[in-house]
>>> print(open('model.txt').read())   # compact mmCIF, C-alpha atoms and all ligand atoms
# COMPACT_ATOMS: atom_id res chain seq x y z
CA MET A 1 149.50 117.43 83.38
CA THR A 2 149.09 117.91 87.13
CA LYS A 3 146.12 116.25 88.73
CA LYS A 4 145.55 118.95 91.36
CA VAL A 5 142.11 120.56 91.21
CA LEU A 6 141.00 123.34 93.53
CA VAL A 7 137.42 122.94 94.71
CA THR A 8 136.10 126.07 96.39
CA GLY A 9 133.13 125.27 98.62
CA GLY A 10 134.26 121.65 98.51
CA SER A 11 132.91 120.71 101.94
CA GLY A 12 129.42 121.82 100.88
CA TYR A 13 126.63 119.77 99.35
CA ILE A 14 127.50 119.61 95.65
CA GLY A 15 131.21 120.23 96.26
CA SER A 16 131.64 117.19 98.51
CA HIS A 17 130.02 114.91 95.91
CA THR A 18 132.29 116.38 93.24
CA VAL A 19 135.36 115.81 95.40
CA ILE A 20 134.44 112.10 95.50
CA GLU A 21 134.12 111.98 91.70
CA LEU A 22 137.49 113.71 91.30
CA GLN A 23 139.16 111.26 93.69
CA LYS A 24 137.58 108.31 91.90
CA SER A 25 139.10 109.53 88.64
CA GLY A 26 142.60 109.93 90.07
CA TYR A 27 142.58 113.69 90.68
CA GLU A 28 143.88 115.34 93.83
CA PRO A 29 141.19 117.74 95.01
CA LEU A 30 142.26 120.64 97.24
CA ILE A 31 139.40 122.19 99.17
CA ILE A 32 139.00 125.79 100.25
CA ASP A 33 135.92 126.54 102.33
CA ASN A 34 135.11 129.02 105.09
CA LEU A 35 132.59 126.55 106.61
CA SER A 36 129.87 129.23 106.61
CA ASN A 37 127.41 126.61 105.37
CA SER A 38 129.15 123.29 105.84
CA ASP A 39 130.75 121.08 108.41
CA GLU A 40 134.37 120.00 108.61
CA ARG A 41 133.21 116.52 109.60
CA MET A 42 132.16 116.10 105.97
CA LEU A 43 135.85 115.57 105.19
CA GLY A 44 136.03 112.47 107.36
CA LEU A 45 132.92 111.13 105.64
CA ILE A 46 134.45 111.79 102.21
CA ALA A 47 137.45 109.78 103.37
CA ARG A 48 135.17 106.93 104.47
CA ILE A 49 133.81 106.73 100.94
CA SER A 50 136.98 107.23 98.92
CA GLY A 51 139.68 106.10 101.32
CA GLN A 52 141.41 109.48 100.95
CA LYS A 53 141.00 112.59 103.07
CA PRO A 54 141.28 115.58 100.75
CA LEU A 55 143.50 118.52 101.60
CA PHE A 56 141.33 121.13 103.29
CA GLU A 57 142.06 124.75 104.20
CA ARG A 58 139.60 126.95 105.99
CA ILE A 59 139.84 130.12 103.94
CA ASP A 60 137.28 132.78 103.12
CA LEU A 61 137.44 133.71 99.45
CA CYS A 62 136.87 137.32 100.47
CA ASP A 63 140.11 137.19 102.47
CA ARG A 64 142.34 138.28 99.61
CA LYS A 65 145.58 137.78 101.49
CA GLY A 66 144.61 134.32 102.72
CA LEU A 67 143.64 133.33 99.21
CA MET A 68 146.83 134.67 97.60
CA ASP A 69 148.82 132.92 100.28
CA PHE A 70 147.07 129.63 99.45
CA PHE A 71 148.06 129.93 95.80
CA SER A 72 151.65 130.69 96.61
CA ARG A 73 151.82 127.55 98.76
CA HIS A 74 150.05 125.30 96.25
CA ARG A 75 151.54 125.25 92.78
CA ASP A 76 150.55 123.30 89.69
CA ILE A 77 146.79 123.55 90.04
CA ALA A 78 145.31 122.30 86.77
CA GLY A 79 141.91 123.90 87.20
CA ILE A 80 139.31 125.25 89.59
CA ILE A 81 135.74 124.22 90.28
CA HIS A 82 134.11 127.16 91.98
CA PHE A 83 131.15 126.24 94.19
CA ALA A 84 131.71 128.62 97.11
CA ALA A 85 128.76 130.98 97.40
CA LEU A 86 125.87 131.80 99.67
CA LYS A 87 122.72 130.31 98.18
CA ALA A 88 119.58 131.01 100.24
CA VAL A 89 117.20 133.03 98.08
CA GLY A 90 115.12 134.52 100.93
CA GLU A 91 118.20 135.39 102.98
CA SER A 92 119.66 137.19 99.96
CA VAL A 93 116.58 139.43 99.82
CA ALA A 94 117.06 140.29 103.49
CA GLU A 95 120.85 140.69 103.29
CA PRO A 96 121.71 141.74 99.74
CA VAL A 97 125.04 143.39 100.55
CA ARG A 98 126.31 140.27 102.30
CA TYR A 99 125.31 138.17 99.29
CA TYR A 100 126.83 140.49 96.70
CA HIS A 101 130.00 140.81 98.73
CA ASN A 102 130.41 137.11 99.35
CA ASN A 103 129.50 135.82 95.90
CA ILE A 104 130.97 138.60 93.76
CA THR A 105 134.00 139.72 95.76
CA GLY A 106 134.88 136.06 96.31
CA LEU A 107 134.76 135.43 92.57
CA LEU A 108 136.78 138.55 91.73
CA TYR A 109 139.55 137.64 94.15
CA LEU A 110 139.60 134.13 92.78
CA LEU A 111 139.91 135.41 89.20
CA GLU A 112 142.70 137.78 90.23
CA ALA A 113 144.56 134.96 91.92
CA MET A 114 144.06 132.75 88.86
CA GLN A 115 145.55 135.41 86.62
CA GLU A 116 148.46 136.01 88.91
CA HIS A 117 149.26 132.30 89.11
CA ASP A 118 148.50 131.49 85.49
CA ILE A 119 145.65 129.09 86.26
CA ASN A 120 143.27 129.30 83.33
CA ARG A 121 140.54 126.71 83.69
CA LEU A 122 137.36 127.42 85.63
CA VAL A 123 134.12 125.51 86.08
CA PHE A 124 131.47 127.73 87.65
CA SER A 125 128.26 126.83 89.54
CA SER A 126 125.49 128.74 87.88
CA SER A 127 121.79 128.14 88.11
CA CYS A 128 118.59 127.80 86.10
CA THR A 129 117.46 130.79 88.16
CA VAL A 130 119.06 132.95 85.42
CA TYR A 131 116.14 132.00 83.12
CA GLY A 132 113.38 133.13 85.50
CA GLN A 133 110.09 131.86 84.02
CA PRO A 134 111.15 130.95 80.47
CA GLU A 135 108.71 131.52 77.64
CA GLN A 136 109.60 128.22 75.99
CA LEU A 137 110.02 124.86 77.66
CA PRO A 138 112.19 122.88 77.84
CA VAL A 139 114.56 125.80 78.24
CA THR A 140 117.71 125.95 76.10
CA GLU A 141 120.94 127.78 76.91
CA ASP A 142 120.15 130.52 74.42
CA ALA A 143 116.91 131.48 76.17
CA PRO A 144 117.19 135.07 77.38
CA VAL A 145 118.53 135.68 80.86
CA GLN A 146 115.71 137.42 82.72
CA GLN A 147 115.72 140.11 85.35
CA ALA A 148 116.66 138.28 88.55
CA VAL A 149 113.99 138.04 91.25
CA SER A 150 116.50 137.93 94.10
CA PRO A 151 119.97 139.26 94.89
CA TYR A 152 121.12 135.63 95.00
CA GLY A 153 119.91 135.05 91.44
CA ASN A 154 121.51 138.31 90.41
CA THR A 155 124.88 137.21 91.78
CA LYS A 156 124.75 134.24 89.38
CA GLN A 157 123.94 136.49 86.42
CA ILE A 158 126.64 139.00 87.33
CA ALA A 159 129.16 136.23 87.96
CA GLU A 160 128.47 134.72 84.53
CA GLU A 161 129.03 138.15 82.97
CA ILE A 162 132.25 138.74 84.88
CA ILE A 163 133.56 135.34 83.83
CA HIS A 164 132.47 135.96 80.27
CA ASP A 165 134.13 139.37 79.98
CA SER A 166 137.28 138.09 81.60
CA SER A 167 137.46 135.08 79.25
CA GLN A 168 137.35 137.43 76.23
CA GLN A 169 140.41 139.34 77.38
CA SER A 170 142.64 136.75 79.02
CA LYS A 171 143.70 133.13 78.90
CA LEU A 172 140.73 132.21 81.09
CA ARG A 173 138.69 129.31 79.72
CA ALA A 174 135.47 128.72 81.59
CA ILE A 175 132.34 126.63 81.66
CA SER A 176 129.28 127.84 83.53
CA LEU A 177 127.02 124.98 84.52
CA ARG A 178 123.41 125.99 85.02
CA TYR A 179 122.00 123.52 87.51
CA PHE A 180 118.30 122.88 87.72
CA ASN A 181 117.22 121.43 91.11
CA PRO A 182 119.98 119.32 92.65
CA ILE A 183 118.69 116.78 95.17
CA GLY A 184 119.56 113.40 96.66
CA ALA A 185 122.72 112.14 98.30
CA HIS A 186 125.66 109.86 97.69
CA GLU A 187 124.58 106.22 97.25
CA SER A 188 126.52 105.26 100.39
CA GLY A 189 124.28 107.54 102.47
CA LEU A 190 127.47 108.93 104.04
CA ILE A 191 127.30 112.43 102.57
CA GLY A 192 124.35 114.59 101.57
CA GLU A 193 122.80 117.99 101.95
CA LEU A 194 123.18 119.67 105.33
CA PRO A 195 120.77 122.58 105.50
CA LEU A 196 121.38 125.02 108.34
CA GLY A 197 118.20 125.70 110.30
CA VAL A 198 114.82 125.36 108.64
CA PRO A 199 115.23 124.23 105.02
CA ASN A 200 113.79 126.33 102.21
CA ASN A 201 114.11 123.66 99.57
CA LEU A 202 111.53 121.00 98.97
CA ILE A 203 113.43 117.76 99.37
CA PRO A 204 115.19 118.45 102.70
CA TYR A 205 111.84 119.73 103.96
CA ILE A 206 110.18 116.49 102.89
CA THR A 207 112.81 114.27 104.51
CA GLN A 208 112.88 116.33 107.72
CA THR A 209 109.09 116.11 107.93
CA ALA A 210 109.19 112.37 107.36
CA ILE A 211 111.81 111.87 110.09
CA GLY A 212 109.76 113.97 112.53
CA LYS A 213 111.94 117.10 112.67
CA ARG A 214 109.18 119.18 111.03
CA LYS A 215 105.48 118.84 111.70
CA GLU A 216 104.10 119.43 108.25
CA LEU A 217 105.26 120.08 104.71
CA ARG A 218 103.61 123.21 103.35
CA VAL A 219 102.96 122.90 99.63
CA TRP A 220 103.19 126.40 98.23
CA GLY A 221 100.26 126.92 95.86
CA LYS A 222 97.74 124.63 94.15
CA ASP A 223 96.45 126.91 91.41
CA TYR A 224 99.38 127.05 88.99
CA ASN A 225 98.77 126.35 85.33
CA THR A 226 100.12 122.79 85.57
CA PRO A 227 98.31 119.41 85.43
CA ASP A 228 97.91 119.13 89.22
CA GLY A 229 98.18 122.85 90.04
CA THR A 230 101.60 122.64 91.74
CA CYS A 231 104.92 123.94 90.39
CA ILE A 232 107.08 121.86 88.11
CA ARG A 233 110.85 121.49 88.46
CA ASP A 234 113.65 119.47 86.92
CA TYR A 235 115.18 117.56 89.84
CA ILE A 236 118.66 116.21 89.24
CA HIS A 237 120.64 113.74 91.32
CA VAL A 238 123.65 115.40 92.95
CA SER A 239 125.97 112.56 91.90
CA ASP A 240 124.99 112.99 88.23
CA LEU A 241 125.65 116.69 88.68
CA ALA A 242 129.03 116.03 90.28
CA GLN A 243 130.03 113.82 87.35
CA ALA A 244 129.27 116.67 84.93
CA HIS A 245 131.82 118.90 86.69
CA LEU A 246 134.57 116.42 86.09
CA ILE A 247 133.60 116.13 82.42
CA ALA A 248 133.47 119.92 82.04
CA LEU A 249 136.90 120.31 83.61
CA GLU A 250 138.35 117.64 81.34
CA ARG A 251 136.82 119.39 78.33
CA LEU A 252 138.83 122.46 79.28
CA MET A 253 141.95 120.43 80.00
CA LYS A 254 141.80 118.78 76.59
CA GLY A 255 141.14 122.14 74.95
CA GLU A 256 137.88 120.82 73.49
CA ASN A 257 135.90 123.90 74.42
CA GLU A 258 134.58 125.75 71.39
CA LYS A 259 134.52 129.19 72.99
CA PRO A 260 136.41 130.85 75.85
CA HIS A 261 133.22 130.69 77.95
CA GLU A 262 130.57 128.03 77.47
CA TYR A 263 127.25 127.46 79.23
CA PHE A 264 125.47 124.16 79.79
CA ASN A 265 122.16 123.23 81.36
CA LEU A 266 122.36 120.38 83.84
CA GLY A 267 119.06 118.68 84.48
CA THR A 268 117.31 115.47 83.52
CA GLY A 269 115.01 117.20 81.06
CA GLU A 270 111.99 115.83 82.96
CA GLY A 271 109.67 118.08 84.92
CA TYR A 272 107.93 116.85 88.07
CA SER A 273 105.32 118.63 90.14
CA VAL A 274 105.53 119.07 93.90
CA LEU A 275 102.80 116.46 94.34
CA GLU A 276 104.66 114.01 92.10
CA ALA A 277 107.80 114.57 94.18
CA ILE A 278 105.81 113.82 97.35
CA GLN A 279 104.33 110.67 95.80
CA ALA A 280 107.77 109.45 94.72
CA PHE A 281 109.11 110.03 98.22
CA GLU A 282 106.21 108.19 99.85
CA LYS A 283 106.61 105.28 97.47
CA VAL A 284 110.33 104.72 98.03
CA SER A 285 110.33 105.46 101.77
CA GLY A 286 107.06 103.81 102.73
CA VAL A 287 106.38 106.88 104.90
CA LYS A 288 103.09 108.75 104.66
CA LEU A 289 103.96 112.43 104.59
CA ASN A 290 102.01 115.03 106.52
CA TRP A 291 101.45 117.87 104.07
CA ALA A 292 98.89 120.57 103.28
CA PHE A 293 98.33 123.26 100.67
CA TYR A 294 99.23 126.86 101.46
CA ASP A 295 99.29 130.07 99.41
CA ARG A 296 101.84 130.51 96.68
CA ARG A 297 105.39 131.39 97.76
CA PRO A 298 106.36 134.81 96.35
CA GLY A 299 108.96 134.60 93.59
CA ASP A 300 108.32 130.96 92.62
CA VAL A 301 108.36 130.25 88.91
CA GLU A 302 105.49 128.06 87.68
CA LYS A 303 107.43 125.51 85.69
CA VAL A 304 110.94 125.06 84.47
CA TYR A 305 112.80 122.09 83.04
CA ALA A 306 115.91 121.79 80.95
CA ASP A 307 116.67 121.06 77.39
CA THR A 308 119.87 119.10 77.96
CA THR A 309 120.74 118.50 74.30
CA LEU A 310 123.83 120.69 74.46
CA ALA A 311 125.29 118.91 77.50
CA ASN A 312 124.40 115.54 75.94
CA LEU A 313 126.12 116.35 72.65
CA LYS A 314 129.07 118.51 73.66
CA LEU A 315 129.91 117.10 77.08
CA GLY A 316 128.75 113.57 76.33
CA TRP A 317 126.95 113.77 79.67
CA LYS A 318 123.45 112.61 80.50
CA ALA A 319 121.77 112.33 83.88
CA GLU A 320 121.30 108.67 84.73
CA LYS A 321 119.42 108.59 88.00
CA GLY A 322 115.65 109.00 88.16
CA LEU A 323 113.39 110.61 90.73
CA ASP A 324 112.92 107.43 92.79
CA GLU A 325 116.66 107.00 93.20
CA MET A 326 117.04 110.67 94.12
CA MET A 327 114.38 110.34 96.82
CA ALA A 328 115.68 107.02 98.14
CA SER A 329 119.20 108.42 98.56
CA ALA A 330 117.93 111.62 100.22
CA TRP A 331 115.95 109.47 102.65
CA LYS A 332 118.91 107.19 103.42
CA TRP A 333 121.00 110.28 104.23
CA GLU A 334 118.30 111.79 106.46
CA LYS A 335 118.04 108.51 108.38
CA ASN A 336 121.82 108.38 108.76
CA LEU A 337 121.80 111.95 110.08
CA ALA A 338 119.09 111.01 112.59
CA ALA A 339 121.16 107.99 113.60
CA GLY A 340 124.02 110.36 114.46
CA ILE A 341 126.41 109.93 111.55
CA LEU A 342 127.91 113.35 112.31
CA ASP A 343 128.19 112.79 116.06
P1 LIG A 401 126.52 124.69 99.97
O1 LIG A 401 126.16 125.86 100.80
O2 LIG A 401 126.30 123.34 100.53
O3 LIG A 401 128.05 124.80 99.52
C1 LIG A 401 128.68 126.03 99.32
C2 LIG A 401 129.95 126.02 100.16
O4 LIG A 401 130.64 127.25 99.97
C3 LIG A 401 129.68 125.89 101.66
O5 LIG A 401 130.46 124.83 102.16
C4 LIG A 401 130.11 127.23 102.24
O6 LIG A 401 130.62 127.10 103.53
C5 LIG A 401 131.14 127.68 101.22
N1 LIG A 401 131.32 129.14 101.11
C6 LIG A 401 130.36 130.08 100.93
N2 LIG A 401 130.93 131.30 100.85
C7 LIG A 401 132.27 131.11 100.96
C8 LIG A 401 133.40 132.00 100.96
N3 LIG A 401 133.26 133.31 100.85
N4 LIG A 401 134.62 131.46 101.11
C9 LIG A 401 134.79 130.13 101.24
N5 LIG A 401 133.77 129.26 101.26
C10 LIG A 401 132.53 129.75 101.12
O7 LIG A 401 125.77 124.86 98.58
P2 LIG A 401 125.61 123.86 97.36
O8 LIG A 401 124.18 123.47 97.27
O9 LIG A 401 126.64 122.81 97.40
O10 LIG A 401 125.88 124.86 96.16
C11 LIG A 401 127.14 124.97 95.54
C12 LIG A 401 127.06 126.00 94.44
O11 LIG A 401 126.04 125.66 93.53
C13 LIG A 401 126.71 127.41 94.94
O12 LIG A 401 127.43 128.32 94.17
C14 LIG A 401 125.23 127.52 94.63
O13 LIG A 401 124.85 128.84 94.44
C15 LIG A 401 125.15 126.73 93.34
N6 LIG A 401 123.81 126.21 93.07
C16 LIG A 401 123.19 125.43 94.01
C17 LIG A 401 121.92 124.93 93.76
C18 LIG A 401 121.19 124.14 94.80
O14 LIG A 401 119.96 124.06 94.73
N7 LIG A 401 121.87 123.51 95.74
C19 LIG A 401 121.30 125.21 92.53
C20 LIG A 401 121.97 125.99 91.59
C21 LIG A 401 123.24 126.48 91.88
C1 LIG A 402 110.83 123.48 94.62
C2 LIG A 402 109.31 123.49 94.58
C3 LIG A 402 108.27 125.29 95.81
C4 LIG A 402 109.55 124.01 99.76
C5 LIG A 402 115.58 127.19 94.56
C6 LIG A 402 116.26 128.47 94.18
C7 LIG A 402 117.01 128.31 92.91
C8 LIG A 402 117.93 127.10 92.94
C9 LIG A 402 117.27 125.88 93.48
C10 LIG A 402 120.16 127.81 93.44
C11 LIG A 402 108.71 124.89 94.40
C12 LIG A 402 107.92 123.95 96.41
C13 LIG A 402 109.35 124.08 98.40
C14 LIG A 402 108.43 123.78 100.62
C15 LIG A 402 107.02 123.65 98.68
N1 LIG A 402 119.05 127.30 93.79
N2 LIG A 402 108.10 123.89 97.87
N3 LIG A 402 107.21 123.60 100.03
O1 LIG A 402 112.39 127.25 94.30
O2 LIG A 402 112.92 125.67 92.40
O3 LIG A 402 114.73 126.83 93.53
O4 LIG A 402 116.57 126.19 94.68
O5 LIG A 402 120.49 128.34 92.45
O6 LIG A 402 117.71 129.48 92.69
O7 LIG A 402 115.28 129.46 94.03
O8 LIG A 402 113.53 125.02 94.73
O9 LIG A 402 113.31 123.28 96.44
O10 LIG A 402 112.81 125.68 97.05
O11 LIG A 402 111.24 124.47 95.56
O12 LIG A 402 105.90 123.50 98.20
O13 LIG A 402 108.56 123.74 101.83
O14 LIG A 402 108.80 123.02 95.84
O15 LIG A 402 107.19 126.15 95.83
O16 LIG A 402 107.58 124.74 93.60
P1 LIG A 402 113.28 126.25 93.71
P2 LIG A 402 112.77 124.61 96.05
>>> encode(input="model.txt", output="structure tokens")
Amino acid sequence: MTKKVLVTGGSGYIGSHTVIELQKSGYEPLIIDNLSNSDERMLGLIARISGQKPLFERIDLCDRKGLMDFFSRHRDIAGIIHFAALKAVGESVAEPVRYYHNNITGLLYLLEAMQEHDINRLVFSSSCTVYGQPEQLPVTEDAPVQQAVSPYGNTKQIAEEIIHDSSQQSKLRAISLRYFNPIGAHESGLIGELPLGVPNNLIPYITQTAIGKRKELRVWGKDYNTPDGTCIRDYIHVSDLAQAHLIALERLMKGENEKPHEYFNLGTGEGYSVLEAIQAFEKVSGVKLNWAFYDRRPGDVEKVYADTTLANLKLGWKAEKGLDEMMASAWKWEKNLAAGILD
């Protein structure tokens, strides 16, 4: 079987880490990305880690002709890992049409191209956001999908449904991976998350505050029904997450999937509060963080963490890296960025 794997959004945060895992396992990743939220220099850094620069084409998934053209030039693609999407929750509230267009049209064109070129294996980036605030914790895959609180979240729900419906009527075999909170960076410190502008997510905000790019970390809310009053999340190391994509793809390649479309939670199964995340960061970095409490952020769920039994049993995958390692790697990456690794 061919070893070519298309990685859409492969120069982005999770995509770049997955490209490394694919290369390590002897695959030939082909990257399509429009660079709307990533930097082409990431490709050189991938090559510094793996010794191989992956094939890269700057293509927008919503450019149907460009996409079709790509597939007619690249034959024998064994499967696709589809990361490419816009992902900023607040921005999606402000610009819903842009988000629906990018994330849904992009997926539809990709599925059309797959059908036309008889490529039938798809691993899709979904999100724990589909669960909203679950009634039972840890949350299992059969927990009800709740009304999305943002257009971004809705694009994940709609995309899962599109993939599901399509898999019932075609040769498509798909796995939707519902990530909890991906954080951290490659152990080399050479690739990591590259937020554009002011970060919304906790960990890049912490590391940017620690390095002096931001004055103060604002902790959103201290009166949640949790032991220390701050929200609880299931943080997962991006390299563990990347590994799971490879395993999911191989499950499809070996025909081990039990249904045309499967869903798996990807987290550690452990919930940590915002204050615990800050403490872990301070411990591993030795930096005292400047932070203060502020009002709750609208739309935040109080607590969510994964039941990972299904991924453990069916994929044979388990997250290995703990919170300290996640924080240490995120900090190494931030320091490398400050030292000019991209310059
Ligand atoms: P990212 O922004 O770093 O990577 C996404 C990549 O897709 C970027 O390089 C961007 O330029 C590219 N892209 C976006 N729209 C495109 C289009 N129309 N055509 C071509 N390329 C396009 O984000 P990430 O954190 O690596 O997330 C990857 C996937 O995982 C996304 O689908 C995201 O929604 C999902 N996800 C992320 C998180 C998270 O917290 N990071 C959590 C759950 C799910
Ligand atoms: C984590 C915790 C904040 C920033 C988002 C998306 C979700 C998924 C992952 C893609 C929360 C608190 C944060 C800050 C803070 N992405 N916080 N100060 O909200 O769990 O999920 O990213 O699918 O869809 O909504 O992650 O990192 O933004 O927040 O106190 O400056 O940190 O309130 O409790 P979240 P996050």
>>> residues_around(input="model.txt", residues="A:Lys259", least_positions_apart="6", cutoff="10 Å", atoms="all atoms listed in the file", output="list in words")
Ser167, Gln168, Arg173, Ala174 and Ile175 of chain A
>>> residues_near_ligand(input="model.txt", ligand="ligand LIG 401 (chain A)", cutoff="8 Å", atoms="only C-alpha atoms and all ligand atoms", output="PyMOL selection string")
chain A and resi 8-16+32-39+58-62+82-87+102-103+106+124-129+152+156+178-183+193-195+201
>>> atom_distance(input="model.txt", atom1="atom CA of A:Thr155", atom2="atom CA of A:Ser170")
21.9 Å
>>> closest_residue(input="model.txt", among="A:Asp295, A:Glu116, A:Glu270, A:Glu21", to="ligand LIG 402 (chain A)", atoms="all atoms listed in the file")
A:Asp295
>>> atom_distance(input="model.txt", atom1="atom CA of A:His101", atom2="atom CA of A:Val149")
17.9 Å
>>> closest_residue(input="model.txt", among="A:Ala78, A:Leu137, A:Leu289, A:Val238", to="A:Gly269", atoms="only C-alpha atoms")
A:Leu137
>>> residues_around(input="model.txt", residues="A:Glu187", least_positions_apart="4", cutoff="12 Å", atoms="all atoms listed in the file", output="MDAnalysis selection string")
chainID A and resid 17 20 49 191:192 237:240 321 325:333
>>> write_last_selection(input="model.txt", atoms="C-alpha atoms", output="PDB file, in the coordinates of the input")
ATOM      1  CA  HIS A  17     130.020 114.910  95.910  1.00  0.00           C
ATOM      2  CA  ILE A  20     134.440 112.100  95.500  1.00  0.00           C
ATOM      3  CA  ILE A  49     133.810 106.730 100.940  1.00  0.00           C
ATOM      4  CA  ILE A 191     127.300 112.430 102.570  1.00  0.00           C
ATOM      5  CA  GLY A 192     124.350 114.590 101.570  1.00  0.00           C
ATOM      6  CA  HIS A 237     120.640 113.740  91.320  1.00  0.00           C
ATOM      7  CA  VAL A 238     123.650 115.400  92.950  1.00  0.00           C
ATOM      8  CA  SER A 239     125.970 112.560  91.900  1.00  0.00           C
ATOM      9  CA  ASP A 240     124.990 112.990  88.230  1.00  0.00           C
ATOM     10  CA  LYS A 321     119.420 108.590  88.000  1.00  0.00           C
ATOM     11  CA  GLU A 325     116.660 107.000  93.200  1.00  0.00           C
ATOM     12  CA  MET A 326     117.040 110.670  94.120  1.00  0.00           C
ATOM     13  CA  MET A 327     114.380 110.340  96.820  1.00  0.00           C
ATOM     14  CA  ALA A 328     115.680 107.020  98.140  1.00  0.00           C
ATOM     15  CA  SER A 329     119.200 108.420  98.560  1.00  0.00           C
ATOM     16  CA  ALA A 330     117.930 111.620 100.220  1.00  0.00           C
ATOM     17  CA  TRP A 331     115.950 109.470 102.650  1.00  0.00           C
ATOM     18  CA  LYS A 332     118.910 107.190 103.420  1.00  0.00           C
ATOM     19  CA  TRP A 333     121.000 110.280 104.230  1.00  0.00           C
TER      20      TRP A 333
END
>>> residues_near_point(input="model.txt", point="(102.3, 114.5, 92.8)", cutoff="10 Å", atoms="only C-alpha atoms", output="PyMOL selection string")
chain A and resi 227-230+232+272-281
>>> residues_around(input="model.txt", residues="A:Gly26", least_positions_apart="2", cutoff="12 Å", atoms="only C-alpha atoms", output="tab-separated table (two decimals) with C-alpha atoms, in the frame of the given file")
chain	number	residue	atom	x	y	z
A	2	THR	CA	149.09	117.91	87.13
A	3	LYS	CA	146.12	116.25	88.73
A	4	LYS	CA	145.55	118.95	91.36
A	5	VAL	CA	142.11	120.56	91.21
A	19	VAL	CA	135.36	115.81	95.40
A	20	ILE	CA	134.44	112.10	95.50
A	21	GLU	CA	134.12	111.98	91.70
A	22	LEU	CA	137.49	113.71	91.30
A	23	GLN	CA	139.16	111.26	93.69
A	24	LYS	CA	137.58	108.31	91.90
A	28	GLU	CA	143.88	115.34	93.83
A	29	PRO	CA	141.19	117.74	95.01
A	50	SER	CA	136.98	107.23	98.92
A	52	GLN	CA	141.41	109.48	100.95
A	246	LEU	CA	134.57	116.42	86.09
>>> closest_residue(input="model.txt", among="A:Met42, A:Leu55, A:Ala88, A:Leu172", to="A:Leu196", atoms="all atoms listed in the file")
A:Ala88
>>> closest_residue(input="model.txt", among="A:Glu302, A:Glu141, A:Glu334, A:Glu112", to="ligand LIG 402 (chain A)", atoms="only C-alpha atoms and all ligand atoms")
A:Glu302
>>> closest_residue(input="model.txt", among="A:Asp307, A:Glu216, A:Asp300, A:Asp324", to="ligand LIG 402 (chain A)", atoms="only C-alpha atoms and all ligand atoms")
A:Asp300
>>> atom_distance(input="model.txt", atom1="atom CA of A:Ser92", atom2="atom CA of A:Asn154")
9.8 Å
>>> closest_residue(input="model.txt", among="A:Ala339, A:Ser166, A:Trp291, A:Asp118", to="A:Arg214", atoms="all atoms listed in the file")
A:Trp291
>>> residues_near_point(input="model.txt", point="(112.3, 133.8, 95.4)", cutoff="8 Å", atoms="all atoms listed in the file", output="list in words")
Val89, Gly90, Val149, Ser150, Arg297, Pro298, Gly299 and Asp300 of chain A
>>> build_atoms(input="model.txt", residues="stretch 39-47 of chain A", atoms="N, CA, C and O atoms", output="PDB file, in the frame of the given file")
ATOM      1  N   ASP A  39     130.211 121.628 107.184  1.00  0.00           N
ATOM      2  CA  ASP A  39     130.750 121.080 108.410  1.00  0.00           C
ATOM      3  C   ASP A  39     132.039 120.339 108.099  1.00  0.00           C
ATOM      4  O   ASP A  39     132.069 119.523 107.165  1.00  0.00           O
ATOM      5  N   GLU A  40     133.062 120.609 108.887  1.00  0.00           N
ATOM      6  CA  GLU A  40     134.370 120.000 108.610  1.00  0.00           C
ATOM      7  C   GLU A  40     134.308 118.473 108.715  1.00  0.00           C
ATOM      8  O   GLU A  40     135.121 117.773 108.102  1.00  0.00           O
ATOM      9  N   ARG A  41     133.315 117.980 109.457  1.00  0.00           N
ATOM     10  CA  ARG A  41     133.210 116.520 109.600  1.00  0.00           C
ATOM     11  C   ARG A  41     132.904 115.833 108.265  1.00  0.00           C
ATOM     12  O   ARG A  41     133.076 114.623 108.114  1.00  0.00           O
ATOM     13  N   MET A  42     132.413 116.628 107.310  1.00  0.00           N
ATOM     14  CA  MET A  42     132.160 116.100 105.970  1.00  0.00           C
ATOM     15  C   MET A  42     133.427 115.481 105.381  1.00  0.00           C
ATOM     16  O   MET A  42     133.370 114.530 104.603  1.00  0.00           O
ATOM     17  N   LEU A  43     134.590 116.047 105.769  1.00  0.00           N
ATOM     18  CA  LEU A  43     135.850 115.570 105.190  1.00  0.00           C
ATOM     19  C   LEU A  43     136.158 114.133 105.611  1.00  0.00           C
ATOM     20  O   LEU A  43     136.627 113.327 104.812  1.00  0.00           O
ATOM     21  N   GLY A  44     135.834 113.834 106.861  1.00  0.00           N
ATOM     22  CA  GLY A  44     136.030 112.470 107.360  1.00  0.00           C
ATOM     23  C   GLY A  44     135.095 111.502 106.629  1.00  0.00           C
ATOM     24  O   GLY A  44     135.464 110.355 106.325  1.00  0.00           O
ATOM     25  N   LEU A  45     133.889 111.994 106.330  1.00  0.00           N
ATOM     26  CA  LEU A  45     132.920 111.130 105.640  1.00  0.00           C
ATOM     27  C   LEU A  45     133.338 110.918 104.184  1.00  0.00           C
ATOM     28  O   LEU A  45     133.174 109.830 103.630  1.00  0.00           O
ATOM     29  N   ILE A  46     133.911 111.959 103.580  1.00  0.00           N
ATOM     30  CA  ILE A  46     134.450 111.790 102.210  1.00  0.00           C
ATOM     31  C   ILE A  46     135.516 110.701 102.243  1.00  0.00           C
ATOM     32  O   ILE A  46     135.544 109.803 101.401  1.00  0.00           O
ATOM     33  N   ALA A  47     136.371 110.771 103.267  1.00  0.00           N
ATOM     34  CA  ALA A  47     137.450 109.780 103.370  1.00  0.00           C
ATOM     35  C   ALA A  47     136.900 108.366 103.578  1.00  0.00           C
ATOM     36  O   ALA A  47     137.473 107.386 103.088  1.00  0.00           O
TER      37      ALA A  47
END
